[in-house]
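Student: Starting off with a structure, shown below.
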Amino acid sequence: MRITSKGQVTIPADIREQAGLLPHTDVEFRFDGNVVSIVRAATRKTDSRGARLVAHLRGRGDIALSTDAIMALTRDE
């Protein structure tokens with residue numbers, strides 16, 4: 001893995017998933033003199049993992065169904 005000229009690096013998807021690092025998650029970098037670590041920044045109380053997950057998924061659906069149609073599917077009507 002290489003750092004870009006802009007100082008950017010891509011965190012592999014499997015590591016992001018394991019660490020729960022969703023898009024727009026605030027992180028901090030720590031350096032102890034030898035090792036650089038990336039850790040999730042302290043979040044605000046209103047910014048729960050569930051809220052971030054919903055925000056991430058909002059607008060990503062590609063099938064336009066009405067609420068009534070969705071309810072009919074869940075009720076096997």
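If you're wondering about the labels, chains in the structure tokens are A, B, ... by order shown, residues count from 1 in each chain, ligands from 1 in order shown.
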Quick one: residues within 12 Å of Leu57 in chain A, only C-alpha atoms counted, chain neighbours fewer than 6 positions away excluded, as a PyMOL selection string?

Tutor: chain A and resi 22-23+50-51

Student: Would you save the residues of that selection, restricted to C-alpha atoms, as a PDB file, in the first residue's frame?

Tutor:
```pdb
ATOM      1  CA  LEU A  22     -18.435   3.709   8.125  1.00  0.00           C
ATOM      2  CA  PRO A  23     -18.246   6.644   5.722  1.00  0.00           C
ATOM      3  CA  GLY A  50     -27.233   3.150  14.190  1.00  0.00           C
ATOM      4  CA  ALA A  51     -27.728   6.770  13.150  1.00  0.00           C
TER       5      ALA A  51
END
```

Student: Out of chain A, which residues get helix (DSSP H, G or I) from DSSP, as a list in words?

Tutor: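 These are the residues in question: Ala13, Asp14, Ile15, Arg16, Glu17, Gln18, Ala19, Arg49, Gly50, Ala51, Arg52, Leu53, Val54, Ala55, His56, Leu57, Thr67, Asp68, Ala69, Ile70, Met71, Ala72, Leu73 and Thr74 of chain A.
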
Student: Those selected residues, please, written with C-alpha atoms and delivered as a PDB file, in the first residue's frame.

Tutor:
```pdb
ATOM      1  CA  ALA A  13     -12.731  -2.770   3.112  1.00  0.00           C
ATOM      2  CA  ASP A  14     -12.425  -5.832   5.373  1.00  0.00           C
ATOM      3  CA  ILE A  15     -10.528  -3.811   7.993  1.00  0.00           C
ATOM      4  CA  ARG A  16     -13.043  -0.928   7.776  1.00  0.00           C
ATOM      5  CA  GLU A  17     -15.904  -3.399   8.276  1.00  0.00           C
ATOM      6  CA  GLN A  18     -14.241  -5.155  11.212  1.00  0.00           C
ATOM      7  CA  ALA A  19     -13.507  -1.816  12.878  1.00  0.00           C
ATOM      8  CA  ARG A  49     -23.637   3.806  15.215  1.00  0.00           C
ATOM      9  CA  GLY A  50     -27.233   3.150  14.190  1.00  0.00           C
ATOM     10  CA  ALA A  51     -27.728   6.770  13.150  1.00  0.00           C
ATOM     11  CA  ARG A  52     -24.528   6.678  11.073  1.00  0.00           C
ATOM     12  CA  LEU A  53     -25.616   3.411   9.461  1.00  0.00           C
ATOM     13  CA  VAL A  54     -29.034   4.802   8.540  1.00  0.00           C
ATOM     14  CA  ALA A  55     -27.422   7.957   7.144  1.00  0.00           C
ATOM     15  CA  HIS A  56     -25.048   5.815   5.099  1.00  0.00           C
ATOM     16  CA  LEU A  57     -27.894   3.725   3.633  1.00  0.00           C
ATOM     17  CA  THR A  67     -45.208   1.874   1.807  1.00  0.00           C
ATOM     18  CA  ASP A  68     -48.402  -0.055   1.033  1.00  0.00           C
ATOM     19  CA  ALA A  69     -46.530  -2.276  -1.460  1.00  0.00           C
ATOM     20  CA  ILE A  70     -43.788  -2.987   1.060  1.00  0.00           C
ATOM     21  CA  MET A  71     -46.327  -3.821   3.763  1.00  0.00           C
ATOM     22  CA  ALA A  72     -48.138  -6.153   1.349  1.00  0.00           C
ATOM     23  CA  LEU A  73     -44.854  -7.994   0.711  1.00  0.00           C
ATOM     24  CA  THR A  74     -44.155  -8.384   4.427  1.00  0.00           C
TER      25      THR A  74
END
```

Student: Do a neighbour search on Arg30 in chain A at 12 Å with only C-alpha atoms, toss out local chain neighbours closer than 5 positions, and write the hits as a ChimeraX atom specification.

Tutor: /A:35-41

Student: DSSP on the backbone, strand (DSSP E) only: what residues of chain A does that give? Format it as a list in words.

Tutor: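 Reading the DSSP output for chain A, strand (DSSP E) covers Val27, Glu28, Phe29, Arg30, Phe31, Val36, Ser37, Ile38, Val39 and Arg40 of chain A.
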
Student: Work out how far CA of Thr10 in chain A is from CA of Asn34 in chain A, in Å to one decimal.

Tutor: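 The value is 20.8 Å.
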
Student: Work out how far apart CA of Ser48 in chain A and CA of Thr25 in chain A are and give it in Å to one decimal.

Tutor: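 Going from CA of Ser48 in chain A over to CA of Thr25 in chain A, I get 10.6 Å.
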